[in-house]
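The file upload28.cif contains mmCIF, C-alpha atoms (C1' of nucleotides):
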data_final
#
loop_
_atom_site.label_atom_id
_atom_site.label_comp_id
_atom_site.auth_asym_id
_atom_site.auth_seq_id
_atom_site.Cartn_x
_atom_site.Cartn_y
_atom_site.Cartn_z
CA MET K 16 22.82 -67.93 -28.47
CA LEU K 17 20.23 -67.09 -31.09
CA LYS K 18 18.96 -70.59 -31.24
CA LEU K 19 15.85 -69.47 -33.07
CA VAL K 20 17.57 -67.97 -36.06
CA GLN K 21 20.04 -70.81 -36.33
CA GLU K 22 17.33 -73.45 -36.31
CA ARG K 23 15.01 -71.66 -38.66
CA PHE K 24 17.57 -70.56 -41.19
CA PRO K 25 20.01 -73.46 -41.60
CA GLN K 26 20.89 -71.99 -44.99
CA LEU K 27 22.72 -69.19 -43.19
CA ARG K 28 25.06 -71.56 -41.40
CA ASP K 29 28.10 -70.54 -43.39
CA LYS K 30 27.62 -66.89 -42.62
CA TRP K 31 26.66 -67.43 -39.04
CA GLU K 32 29.87 -66.35 -37.34
CA GLU K 33 29.84 -63.12 -39.25
CA PHE K 34 26.22 -62.40 -38.33
CA ALA K 35 26.60 -63.35 -34.68
CA ALA K 36 29.13 -60.54 -34.30
CA LEU K 37 26.36 -58.06 -35.18
CA TYR K 38 24.43 -58.93 -32.02
CA HIS K 39 25.12 -57.32 -28.65
CA LYS K 40 24.53 -59.05 -25.37
CA VAL K 41 22.87 -57.07 -22.60
CA GLU K 42 21.46 -57.84 -19.16
CA VAL K 43 18.58 -55.72 -17.91
CA PRO K 44 16.65 -55.63 -14.60
CA ALA K 45 12.88 -56.14 -14.41
CA LYS K 46 10.74 -53.21 -15.56
CA THR K 47 13.35 -51.93 -18.01
CA ILE K 48 11.61 -50.35 -20.96
CA LEU K 49 13.34 -51.43 -24.16
CA LEU K 50 11.17 -49.37 -26.48
CA HIS K 51 8.84 -46.51 -25.55
CA GLU K 52 5.42 -46.19 -27.19
CA GLY K 53 5.67 -43.41 -29.78
CA ASP K 54 9.41 -43.84 -30.37
CA THR K 55 10.75 -45.31 -33.59
CA SER K 56 12.27 -48.73 -33.18
CA LYS K 57 15.93 -49.04 -34.13
CA LYS K 58 16.66 -52.35 -32.38
CA ALA K 59 15.36 -55.88 -32.56
CA PHE K 60 15.78 -58.17 -29.56
CA TYR K 61 16.32 -61.82 -28.98
CA ILE K 62 15.54 -63.31 -25.56
CA GLU K 63 18.07 -65.71 -24.10
CA LYS K 64 16.61 -65.63 -20.58
CA GLY K 65 13.61 -63.88 -19.06
CA CYS K 66 10.34 -62.53 -20.45
CA LEU K 67 8.98 -59.33 -21.97
CA ARG K 68 5.59 -57.78 -22.53
CA ALA K 69 4.20 -55.44 -25.17
CA TRP K 70 1.77 -52.84 -23.82
CA PHE K 71 0.25 -49.48 -24.54
CA ASN K 72 -1.28 -46.70 -22.53
CA ASN K 73 -5.06 -46.37 -22.66
CA LYS K 74 -6.51 -43.44 -20.76
CA GLY K 75 -3.89 -43.73 -18.05
CA LYS K 76 -4.14 -47.50 -17.67
CA ASP K 77 -1.62 -49.84 -19.12
CA VAL K 78 -2.89 -52.56 -21.37
CA THR K 79 -0.73 -55.61 -22.03
CA PHE K 80 -1.43 -57.46 -25.24
CA GLN K 81 1.47 -59.83 -25.82
CA PHE K 82 4.11 -61.81 -23.92
CA PHE K 83 7.50 -63.03 -25.13
CA PHE K 84 9.74 -65.75 -23.71
CA GLU K 85 13.11 -67.44 -24.18
CA ASN K 86 14.31 -68.00 -27.75
CA GLU K 87 11.88 -65.55 -29.25
CA ALA K 88 12.67 -62.60 -31.48
CA VAL K 89 10.96 -59.41 -30.36
CA SER K 90 10.50 -56.05 -32.03
CA SER K 91 7.83 -53.52 -32.74
CA ILE K 92 7.82 -55.08 -36.17
CA GLU K 93 5.99 -52.37 -38.11
CA SER K 94 8.02 -49.59 -36.47
CA PHE K 95 11.29 -51.43 -37.01
CA ARG K 96 10.61 -52.17 -40.65
CA LYS K 97 8.73 -49.06 -41.70
CA GLY K 98 10.28 -46.42 -39.45
CA THR K 99 6.89 -45.37 -38.05
CA PRO K 100 6.30 -44.52 -34.34
CA SER K 101 5.70 -47.63 -32.29
CA LEU K 102 2.10 -48.22 -31.22
CA TYR K 103 3.32 -49.81 -28.00
CA SER K 104 6.10 -50.16 -25.46
CA ILE K 105 8.26 -53.22 -24.89
CA GLU K 106 9.23 -53.91 -21.30
CA ALA K 107 11.07 -56.54 -19.28
CA ILE K 108 8.86 -58.37 -16.79
CA GLU K 109 11.74 -60.30 -15.23
CA PRO K 110 15.48 -59.59 -15.19
CA CYS K 111 16.53 -60.58 -18.72
CA THR K 112 19.51 -61.64 -20.77
CA LEU K 113 19.00 -60.26 -24.26
CA TYR K 114 20.81 -59.88 -27.54
CA TRP K 115 20.00 -56.88 -29.65
CA ILE K 116 20.83 -55.90 -33.19
CA HIS K 117 20.72 -52.49 -34.81
CA LYS K 118 18.36 -51.93 -37.73
CA ARG K 119 21.23 -51.20 -40.17
CA ASP K 120 22.93 -54.47 -39.18
CA TRP K 121 19.72 -56.44 -39.43
CA GLU K 122 19.37 -55.21 -42.98
CA ILE K 123 22.63 -56.99 -43.81
CA ILE K 124 21.18 -60.28 -42.62
CA GLN K 125 17.90 -59.50 -44.31
CA LYS K 126 19.70 -59.01 -47.60
CA THR K 127 21.37 -62.38 -47.29
CA ILE K 128 18.07 -64.06 -46.50
CA ASP K 129 16.55 -62.37 -49.51
CA GLU K 130 19.22 -63.79 -51.79
CA LEU K 131 18.67 -67.40 -50.74
CA PRO K 132 15.34 -68.64 -52.10
CA GLU K 133 14.87 -71.21 -49.36
CA ALA K 134 15.67 -68.85 -46.51
CA ARG K 135 13.42 -66.28 -48.15
CA SER K 136 10.50 -68.65 -48.36
CA GLN K 137 11.16 -69.60 -44.72
CA TYR K 138 11.00 -65.96 -43.78
CA VAL K 139 7.66 -65.46 -45.57
CA THR K 140 6.32 -68.54 -43.81
CA LEU K 141 7.33 -67.03 -40.47
CA MET K 142 5.49 -63.83 -41.35
CA LEU K 143 2.42 -65.78 -42.38
CA ASP K 144 2.51 -67.73 -39.11
CA ARG K 145 2.62 -64.53 -37.14
CA GLN K 146 -0.31 -63.16 -39.10
CA VAL K 147 -2.34 -66.29 -38.45
CA ASN K 148 -1.49 -66.04 -34.74
CA TYR K 149 -2.81 -62.50 -34.52
CA MET K 150 -5.90 -63.53 -36.44
CA GLN K 151 -6.65 -66.47 -34.17
CA HIS K 152 -6.01 -64.46 -31.05
CA PHE K 153 -8.38 -61.84 -32.36
CA MET K 154 -11.01 -64.42 -33.31
CA SER K 155 -10.88 -65.80 -29.77
CA PHE K 156 -11.93 -62.38 -28.49
CA ILE K 157 -15.08 -62.40 -30.56
CA LYS K 158 -15.74 -66.06 -29.98
CA TYR K 159 -15.22 -66.54 -26.26
CA THR K 160 -16.25 -64.90 -22.99
CA PRO K 161 -13.52 -63.73 -20.59
CA LYS K 162 -13.99 -66.87 -18.49
CA GLU K 163 -13.63 -69.11 -21.53
CA ARG K 164 -10.54 -67.19 -22.64
CA TYR K 165 -8.97 -67.67 -19.23
CA LEU K 166 -9.67 -71.41 -19.23
CA GLN K 167 -8.28 -71.70 -22.72
CA LEU K 168 -5.13 -69.81 -21.74
CA LEU K 169 -4.74 -72.07 -18.71
CA LYS K 170 -5.06 -75.12 -20.93
CA GLU K 171 -3.04 -74.05 -23.96
CA LYS K 172 -0.42 -71.74 -22.49
CA PRO K 173 -0.08 -72.67 -18.81
CA HIS K 174 3.48 -71.28 -18.77
CA ILE K 175 1.99 -67.80 -19.18
CA VAL K 176 -0.39 -68.21 -16.26
CA LYS K 177 2.34 -69.63 -14.06
CA ARG K 178 4.97 -67.06 -14.83
CA ILE K 179 3.25 -63.75 -15.47
CA PRO K 180 1.76 -61.47 -12.77
CA GLN K 181 -1.99 -61.72 -12.77
CA HIS K 182 -2.84 -58.10 -13.49
CA TYR K 183 -0.90 -58.32 -16.75
CA ILE K 184 -2.83 -61.45 -17.67
CA ALA K 185 -6.10 -59.69 -16.85
CA SER K 186 -5.49 -56.89 -19.33
CA TYR K 187 -4.23 -59.46 -21.85
CA LEU K 188 -7.64 -61.16 -21.52
CA GLY K 189 -9.40 -57.83 -21.89
CA ILE K 190 -10.73 -57.63 -18.30
CA THR K 191 -9.80 -56.03 -14.97
CA SER K 192 -7.69 -57.83 -12.39
CA VAL K 193 -10.68 -57.83 -10.05
CA SER K 194 -12.76 -59.69 -12.60
CA LEU K 195 -9.97 -62.19 -13.27
CA SER K 196 -9.68 -62.82 -9.55
CA ARG K 197 -13.40 -63.57 -9.40
CA ILE K 198 -13.16 -65.92 -12.37
CA ARG K 199 -10.27 -67.79 -10.79
CA ASN K 200 -12.22 -68.08 -7.57
CA ALA K 201 -15.25 -69.51 -9.40
CA VAL K 202 -13.12 -71.99 -11.37
CA THR K 203 -11.12 -73.49 -8.52
CA ARG K 204 -14.09 -74.58 -6.50
CA MET Q 3 -10.54 -56.24 -63.88
CA LEU Q 4 -8.06 -57.07 -61.14
CA LYS Q 5 -7.25 -53.46 -60.54
CA LEU Q 6 -5.59 -54.28 -57.24
CA VAL Q 7 -2.96 -56.62 -58.61
CA GLN Q 8 -2.22 -54.40 -61.59
CA GLU Q 9 -1.70 -51.35 -59.40
CA ARG Q 10 0.35 -53.07 -56.74
CA PHE Q 11 2.57 -55.08 -59.02
CA PRO Q 12 3.46 -52.81 -61.94
CA GLN Q 13 6.50 -55.00 -62.48
CA LEU Q 14 4.21 -57.72 -63.77
CA ARG Q 15 2.83 -55.54 -66.56
CA ASP Q 16 4.54 -57.46 -69.33
CA LYS Q 17 3.11 -60.75 -68.19
CA TRP Q 18 -0.26 -59.40 -67.37
CA GLU Q 19 -2.19 -60.72 -70.37
CA GLU Q 20 -0.92 -64.18 -69.70
CA PHE Q 21 -1.88 -64.02 -66.02
CA ALA Q 22 -5.29 -62.49 -66.64
CA ALA Q 23 -6.23 -65.62 -68.59
CA LEU Q 24 -5.80 -67.65 -65.41
CA TYR Q 25 -8.70 -65.85 -63.71
CA HIS Q 26 -12.32 -66.92 -64.16
CA LYS Q 27 -15.24 -64.55 -63.96
CA VAL Q 28 -18.28 -65.65 -61.99
CA GLU Q 29 -21.51 -64.02 -60.81
CA VAL Q 30 -23.07 -65.30 -57.61
CA PRO Q 31 -26.31 -64.42 -55.76
CA ALA Q 32 -26.34 -63.18 -52.15
CA LYS Q 33 -25.69 -65.83 -49.46
CA THR Q 34 -23.56 -67.99 -51.76
CA ILE Q 35 -20.89 -69.72 -49.70
CA LEU Q 36 -17.59 -69.58 -51.56
CA LEU Q 37 -15.64 -71.58 -49.00
CA HIS Q 38 -17.01 -73.74 -46.20
CA GLU Q 39 -15.39 -73.70 -42.76
CA GLY Q 40 -13.35 -76.88 -42.43
CA ASP Q 41 -12.77 -77.30 -46.18
CA THR Q 42 -9.37 -76.71 -47.72
CA SER Q 43 -9.18 -73.61 -49.87
CA LYS Q 44 -8.26 -74.17 -53.50
CA LYS Q 45 -9.39 -70.83 -54.85
CA ALA Q 46 -8.56 -67.19 -54.24
CA PHE Q 47 -11.10 -64.52 -55.13
CA TYR Q 48 -11.03 -60.98 -56.37
CA ILE Q 49 -14.11 -58.78 -55.92
CA GLU Q 50 -15.16 -56.68 -58.88
CA LYS Q 51 -18.63 -55.85 -57.51
CA GLY Q 52 -20.35 -56.69 -54.22
CA CYS Q 53 -19.17 -57.63 -50.76
CA LEU Q 54 -18.25 -60.74 -48.81
CA ARG Q 55 -17.92 -61.70 -45.17
CA ALA Q 56 -15.70 -64.17 -43.32
CA TRP Q 57 -17.46 -65.98 -40.47
CA PHE Q 58 -17.31 -69.08 -38.35
CA ASN Q 59 -19.76 -71.13 -36.35
CA ASN Q 60 -19.62 -70.78 -32.58
CA LYS Q 61 -21.99 -73.02 -30.64
CA GLY Q 62 -24.63 -72.71 -33.33
CA LYS Q 63 -24.34 -68.96 -33.75
CA ASP Q 64 -22.56 -67.43 -36.66
CA VAL Q 65 -19.82 -64.95 -35.88
CA THR Q 66 -18.66 -62.51 -38.57
CA PHE Q 67 -15.16 -61.18 -38.18
CA GLN Q 68 -14.23 -59.55 -41.46
CA PHE Q 69 -15.78 -57.80 -44.45
CA PHE Q 70 -14.44 -57.47 -47.98
CA PHE Q 71 -15.39 -55.02 -50.72
CA GLU Q 72 -14.69 -54.08 -54.34
CA ASN Q 73 -11.09 -54.41 -55.57
CA GLU Q 74 -10.00 -56.59 -52.70
CA ALA Q 75 -8.37 -60.00 -52.88
CA VAL Q 76 -10.00 -62.57 -50.62
CA SER Q 77 -8.96 -66.01 -49.51
CA SER Q 78 -8.64 -68.08 -46.40
CA ILE Q 79 -4.99 -67.20 -46.63
CA GLU Q 80 -3.54 -69.82 -44.31
CA SER Q 81 -5.70 -72.57 -45.78
CA PHE Q 82 -4.91 -71.53 -49.34
CA ARG Q 83 -1.19 -71.36 -48.76
CA LYS Q 84 -0.69 -74.20 -46.31
CA GLY Q 85 -3.40 -76.64 -47.37
CA THR Q 86 -4.91 -76.75 -43.86
CA PRO Q 87 -8.70 -76.77 -43.19
CA SER Q 88 -10.13 -73.27 -43.22
CA LEU Q 89 -11.01 -71.84 -39.81
CA TYR Q 90 -13.90 -69.94 -41.34
CA SER Q 91 -16.39 -69.68 -44.20
CA ILE Q 92 -16.45 -67.01 -46.89
CA GLU Q 93 -19.89 -65.90 -48.03
CA ALA Q 94 -21.43 -63.34 -50.38
CA ILE Q 95 -23.50 -60.71 -48.57
CA GLU Q 96 -24.75 -59.09 -51.79
CA PRO Q 97 -24.97 -60.48 -55.34
CA CYS Q 98 -21.35 -60.36 -56.51
CA THR Q 99 -19.19 -60.28 -59.59
CA LEU Q 100 -16.00 -62.13 -58.77
CA TYR Q 101 -12.87 -63.44 -60.42
CA TRP Q 102 -11.32 -66.57 -59.04
CA ILE Q 103 -8.04 -68.31 -59.62
CA HIS Q 104 -7.05 -71.88 -58.83
CA LYS Q 105 -4.25 -72.50 -56.36
CA ARG Q 106 -2.04 -74.19 -58.99
CA ASP Q 107 -2.45 -71.19 -61.30
CA TRP Q 108 -1.79 -68.73 -58.51
CA GLU Q 109 1.48 -70.51 -57.89
CA ILE Q 110 2.59 -69.57 -61.41
CA ILE Q 111 2.05 -65.90 -60.62
CA GLN Q 112 3.62 -66.37 -57.22
CA LYS Q 113 6.71 -67.80 -58.84
CA THR Q 114 7.02 -64.81 -61.13
CA ILE Q 115 6.63 -62.40 -58.22
CA ASP Q 116 9.29 -64.32 -56.36
CA GLU Q 117 11.75 -63.89 -59.22
CA LEU Q 118 11.40 -60.11 -59.38
CA PRO Q 119 13.04 -58.52 -56.32
CA GLU Q 120 10.83 -55.44 -56.40
CA ALA Q 121 7.58 -57.35 -56.76
CA ARG Q 122 8.76 -59.72 -54.04
CA SER Q 123 9.45 -56.91 -51.63
CA GLN Q 124 6.07 -55.43 -52.50
CA TYR Q 125 4.46 -58.74 -51.67
CA VAL Q 126 6.19 -58.91 -48.29
CA THR Q 127 5.05 -55.36 -47.57
CA LEU Q 128 1.46 -56.39 -48.33
CA MET Q 129 1.78 -59.28 -45.90
CA LEU Q 130 3.20 -57.00 -43.23
CA ASP Q 131 0.34 -54.54 -43.74
CA ARG Q 132 -2.18 -57.28 -43.30
CA GLN Q 133 -0.46 -58.42 -40.13
CA VAL Q 134 -0.50 -54.89 -38.72
CA ASN Q 135 -4.19 -54.61 -39.58
CA TYR Q 136 -5.03 -57.72 -37.63
CA MET Q 137 -2.89 -56.51 -34.75
CA GLN Q 138 -4.57 -53.12 -34.61
CA HIS Q 139 -8.02 -54.61 -34.91
CA PHE Q 140 -7.17 -56.95 -32.08
CA MET Q 141 -5.72 -54.13 -29.95
CA SER Q 142 -8.94 -52.18 -30.39
CA PHE Q 143 -10.81 -55.07 -28.76
CA ILE Q 144 -8.70 -54.85 -25.63
CA LYS Q 145 -8.59 -51.10 -25.65
CA TYR Q 146 -12.18 -50.06 -26.29
CA THR Q 147 -15.66 -50.88 -25.02
CA PRO Q 148 -18.30 -52.08 -27.51
CA LYS Q 149 -19.78 -48.58 -27.64
CA GLU Q 150 -16.41 -47.03 -28.39
CA ARG Q 151 -15.75 -49.64 -31.07
CA TYR Q 152 -19.05 -48.86 -32.74
CA LEU Q 153 -18.37 -45.11 -32.74
CA GLN Q 154 -14.92 -45.72 -34.14
CA LEU Q 155 -16.30 -47.95 -36.88
CA LEU Q 156 -18.88 -45.29 -37.73
CA LYS Q 157 -16.14 -42.69 -37.96
CA GLU Q 158 -13.41 -44.64 -39.72
CA LYS Q 159 -15.32 -47.10 -41.87
CA PRO Q 160 -18.78 -45.60 -42.42
CA HIS Q 161 -19.13 -47.58 -45.66
CA ILE Q 162 -19.33 -50.75 -43.54
CA VAL Q 163 -22.09 -49.39 -41.30
CA LYS Q 164 -24.05 -48.14 -44.29
CA ARG Q 165 -23.80 -51.24 -46.39
CA ILE Q 166 -23.75 -54.24 -44.06
CA PRO Q 167 -26.81 -55.65 -42.22
CA GLN Q 168 -26.68 -54.72 -38.57
CA HIS Q 169 -26.60 -58.19 -37.07
CA TYR Q 170 -23.39 -58.92 -38.97
CA ILE Q 171 -21.88 -55.71 -37.64
CA ALA Q 172 -22.91 -56.66 -34.11
CA SER Q 173 -20.98 -59.92 -34.17
CA TYR Q 174 -18.08 -58.11 -35.85
CA LEU Q 175 -18.01 -55.79 -32.82
CA GLY Q 176 -18.19 -58.76 -30.48
CA ILE Q 177 -21.71 -58.08 -29.16
CA THR Q 178 -25.29 -59.19 -29.79
CA SER Q 179 -27.56 -57.38 -32.21
CA VAL Q 180 -29.76 -56.39 -29.26
CA SER Q 181 -26.87 -54.66 -27.57
CA LEU Q 182 -25.86 -52.89 -30.79
CA SER Q 183 -29.43 -51.68 -31.21
CA ARG Q 184 -29.31 -50.22 -27.68
CA ILE Q 185 -25.99 -48.53 -28.35
CA ARG Q 186 -27.30 -46.98 -31.56
CA ASN Q 187 -30.36 -45.76 -29.73
CA ALA Q 188 -28.22 -44.15 -26.99
CA VAL Q 189 -25.93 -42.52 -29.53
CA THR Q 190 -28.52 -40.91 -31.80
CA ARG Q 191 -30.26 -38.95 -29.07
"C1'" DT Y 17 15.02 -59.35 9.74
"C1'" DT Y 18 12.24 -55.44 8.71
"C1'" DC Y 19 10.00 -52.21 5.91
"C1'" DA Y 20 7.99 -50.80 1.68
"C1'" DT Y 21 6.08 -52.00 -2.54
"C1'" DT Y 22 3.66 -54.92 -5.42
"C1'" DT Y 23 0.27 -58.27 -6.10
"C1'" DC Y 24 -3.95 -60.54 -5.15
"C1'" DT Y 25 -8.48 -61.12 -2.95
"C1'" DT Y 26 -12.89 -59.71 -1.43
"C1'" DA Y 27 -16.93 -56.74 -0.83
"C1'" DA Y 28 -20.63 -53.54 -2.25
"C1'" DC Y 29 -22.71 -51.17 -5.66
"C1'" DA Y 30 -23.13 -49.30 -10.49
"C1'" DA Y 31 -23.15 -50.05 -15.30
"C1'" DT Y 32 -23.19 -52.85 -19.18
"C1'" DT Y 33 -24.29 -56.75 -21.78
"C1'" DG Y 34 -26.71 -61.20 -22.61
"C1'" DT Y 35 -31.10 -63.82 -23.05
"C1'" DT Y 36 -35.62 -64.43 -24.43
"C1'" DA Y 37 -39.57 -62.87 -26.41
"C1'" DT Y 38 -42.68 -59.80 -28.86
"C1'" DC Y 39 -43.77 -56.55 -32.34
"C1'" DG Y 40 -43.43 -53.88 -36.57
"C1'" DC Y 41 -41.36 -52.92 -40.95
"C1'" DC Y 42 -39.76 -54.03 -45.39
"C1'" DG Y 43 -38.61 -56.54 -49.55
"C1'" DC Y 44 -39.15 -60.60 -52.34
"C1'" DG Y 45 -41.31 -64.38 -54.52
"C1'" DC Y 46 -45.56 -66.61 -55.65
"C1'" DG N 6 -52.02 -58.45 -53.75
"C1'" DC N 7 -50.59 -61.57 -50.18
"C1'" DG N 8 -47.77 -64.11 -47.17
"C1'" DC N 9 -43.32 -65.24 -45.63
"C1'" DG N 10 -38.86 -64.55 -43.92
"C1'" DG N 11 -35.22 -61.43 -42.79
"C1'" DC N 12 -34.13 -57.55 -40.13
"C1'" DG N 13 -34.24 -54.22 -36.46
"C1'" DA N 14 -36.31 -52.04 -32.10
"C1'" DT N 15 -37.77 -52.62 -27.57
"C1'" DA N 16 -38.87 -54.58 -22.97
"C1'" DA N 17 -37.96 -57.28 -18.75
"C1'" DC N 18 -35.01 -59.82 -16.27
"C1'" DA N 19 -30.58 -62.42 -15.45
"C1'" DA N 20 -25.73 -62.59 -15.55
"C1'" DT N 21 -21.41 -60.58 -16.01
"C1'" DT N 22 -18.14 -57.06 -15.60
"C1'" DG N 23 -16.45 -52.47 -14.01
"C1'" DT N 24 -15.39 -49.27 -10.14
"C1'" DT N 25 -13.81 -48.12 -5.80
"C1'" DA N 26 -11.96 -49.26 -1.61
"C1'" DA N 27 -9.87 -51.88 2.00
"C1'" DG N 28 -6.98 -55.29 3.61
"C1'" DA N 29 -4.16 -59.68 3.30
"C1'" DA N 30 -0.30 -62.00 1.24
"C1'" DA N 31 3.85 -62.20 -1.24
"C1'" DT N 32 8.05 -60.19 -2.85
"C1'" DG N 33 12.22 -57.58 -2.83
"C1'" DA N 34 15.59 -54.39 -1.05
"C1'" DA N 35 18.23 -52.28 2.72
#

So, in terms of structure tokens, how does the structure I just supplied come out?
Amino acid sequence: MLKLVQERFPQLRDKWEEFAALYHKVEVPAKTILLHEGDTSKKAFYIEKGCLRAWFNNKGKDVTFQFFFENEAVSSIESFRKGTPSLYSIEAIEPCTLYWIHKRDWEIIQKTIDELPEARSQYVTLMLDRQVNYMQHFMSFIKYTPKERYLQLLKEKPHIVKRIPQHYIASYLGITSVSLSRIRNAVTR
Amino acid sequence: MLKLVQERFPQLRDKWEEFAALYHKVEVPAKTILLHEGDTSKKAFYIEKGCLRAWFNNKGKDVTFQFFFENEAVSSIESFRKGTPSLYSIEAIEPCTLYWIHKRDWEIIQKTIDELPEARSQYVTLMLDRQVNYMQHFMSFIKYTPKERYLQLLKEKPHIVKRIPQHYIASYLGITSVSLSRIRNAVTR
DNA sequence: TTCATTTCTTAACAATTGTTATCGCCGCGC
DNA sequence: GCGCGGCGATAACAATTGTTAAGAAATGAA
């Protein structure tokens, strides 16, 4: 359990047993909504098995903009940290095995990280990485056409294409499922 | 000078004179390239007067994806911090008055910030804000059509529309300058 | 298995955007 | 003043994507 945190913060090894007790295991069926758009996030999740998506409602249509898989930490980060309403919902795509931690308990771990210079610097690096990811993803929207984005996704993240229903991928690419279907048709022949 | 840093890090007040000496004032004409795409960033900039753009080359066409104005800190953040080649160029749009600091000197300030818990937490908050900005900007690309994005830009950041040449704005919105011209024409009547 | 729901494909037509090219305006340097 | 280059508007046509609708295929539950 919580492979990610253990690997990334070896400095916390001593305190690990104590921290692990703060996490709660839960199994949820597909389509469970873990956080509703507009609500304030009080929980952060860790995925042991299954996958999630982040999405928001746009004029009645749901728009998926991020996927999460095994061994990833998931939260509406700005809502969780700042206490603001979440800009999006978080939902299980498959039946999932998750661990969740309450905000007040996370702050205990956070405090410990903050006191260890190495863990702290590791944490900042993680934040920077996430920022760069968003930036690159965003740049790819200006840089590439929908067809190019699909081909790139197929090449660089084939696990997404294999595992995620196509209409979610379509909105992730910024197009309709009809258009994605056409693109796929044109590519395979 | 360096209004931004002074306001955001009041904890550094005592050391400020010492740190200010690490910055170098420079005046550059329009179209000066401060960092070339592919080079490794060794300098961070602060804008006293003027504006900059971040852009990259895509199949021979230049694509602008961010603008910077007075009192903002500018760098190819991931290149500056990680020593990797920059994914984009940074260029003056207008004649500018800038202050720059070398990476090794910035690390002195960084170290001081890291030793003061309040300044440190302030720094993390700044990083989080930047991450949320990228995320929201990216979400707007999935959520809105080019016309909607233009109207939103006009409403929320009119200073950009007023000050920046239109063909830069077009690529910032992810469209051609021809298409932006059509949209403007349709909107004004 | 069987039925219902979800997912994906295809078609026809509308709307939008890209491409290429031309023209006019404006500011800057010589 | 004059010419040049940068910038923006417009036109005509091509290409792409959206919309709506219908039906096939796959999936999941009873």

Translate the PyMOL selection byres ((chain N and resi 35) around 10) into a concrete residue list for this structure, as a list in words.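 Selected by the PyMOL selection byres ((chain N and resi 35) around 10) here: DT18 and DC19 of chain Y; DG33 and DA34 of chain N.
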
Report as a list of chain:residue names the set of chain Y residues whose atoms approach chain Q to within 12 Å, with distances computed over only C-alpha atoms (C1' of nucleotides).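 That gives Y:DT32, Y:DT33, Y:DG34, Y:DT35, Y:DT36 for chain Y.
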
Keeping only C-alpha atoms (C1' of nucleotides), write those residues as a compact mmCIF listing (two decimals), in the coordinates of the input.
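Output saved as out-v6.txt:
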# COMPACT_ATOMS: atom_id res chain seq x y z
C1' DT Y 32 -23.19 -52.85 -19.18
C1' DT Y 33 -24.29 -56.75 -21.78
C1' DG Y 34 -26.71 -61.20 -22.61
C1' DT Y 35 -31.10 -63.82 -23.05
C1' DT Y 36 -35.62 -64.43 -24.43

Contacts of DC42 in chain Y at 10 Å or less, counting all atoms listed in the file, minus same-chain residues fewer than 2 places along, as an mmCIF file with C-alpha atoms (C1' of nucleotides), in the frame of the given file?
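Result written to selection24.cif:
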data_model
loop_
_atom_site.group_PDB
_atom_site.id
_atom_site.type_symbol
_atom_site.label_atom_id
_atom_site.label_comp_id
_atom_site.auth_asym_id
_atom_site.auth_seq_id
_atom_site.Cartn_x
_atom_site.Cartn_y
_atom_site.Cartn_z
ATOM 1 C "C1'" DG Y 40 -43.430 -53.880 -36.570
ATOM 2 C "C1'" DC Y 44 -39.150 -60.600 -52.340
ATOM 3 C "C1'" DG N 11 -35.220 -61.430 -42.790
ATOM 4 C "C1'" DC N 12 -34.130 -57.550 -40.130
#

Care to translate the PyMOL selection byres ((chain N) within 12 of (chain Q)) into actual residues of this file, as a list in words? DG11, DC12, DG13, DA14, DT15, DA16, DT22 and DG23 of chain N

Residues of range 141-179 of chain K that have any atom at most 9 Å from an atom of range 80-104 of chain Q: could you tabulate them with the shortest-distance atom pair and the distance in Å to one decimal, using only C-alpha atoms, ordered by chain and increasing number, as JSON lines?
{"residue": "K:Leu143", "atom": "CA", "partner": "Q:Glu80", "partner_atom": "CA", "distance": 7.5}
{"residue": "K:Asp144", "atom": "CA", "partner": "Q:Glu80", "partner_atom": "CA", "distance": 8.2}
{"residue": "K:Val147", "atom": "CA", "partner": "Q:Glu80", "partner_atom": "CA", "distance": 6.9}
{"residue": "K:Gln151", "atom": "CA", "partner": "Q:Leu89", "partner_atom": "CA", "distance": 8.9}

In Å, with one decimal, what is the gap from CA of Lys40 in chain K to CA of Leu141 in chain K?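 Distance between the two atoms: 24.2 Å.
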
Please provide as a list of chain:residue names all residues within 12 Å of Lys17 in chain Q, with the sequence filter that same-chain residues fewer than 6 positions apart are discarded (counting only C-alpha atoms (C1' of nucleotides)).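 Once the nearby chain positions are removed, what remains is Q:Gln8, Q:Phe11, Q:Ala23, Q:Leu24, Q:Ile110, Q:Ile111, Q:Thr114, Q:Ile115.
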
Which residues match the PyMOL selection byres ((chain K) within 10 of (chain Q)) in the file above, as a VMD selection string? chain K and resid 70 to 74 76 to 80 92 to 93 96 to 97 102 129 to 130 132 135 to 136 138 to 140 142 to 160 186 to 190

Between CA of Lys33 in chain Q and CA of Leu155 in chain Q, what is the distance, to one decimal in Å?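 The value is 23.8 Å.
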
Best match for closeness to His51 in chain K among K:Glu33, K:Arg23, K:Ser90, K:Phe84, counting all atoms listed in the file: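 When distances to His51 in chain K are compared using all atoms listed in the file, the smallest one comes from K:Ser90.
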
If you measure from CA of Gly53 in chain K to CA of Phe82 in chain K, what distance in Å do you get, rounded to one decimal?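 Going from CA of Gly53 in chain K over to CA of Phe82 in chain K, I get 19.4 Å.
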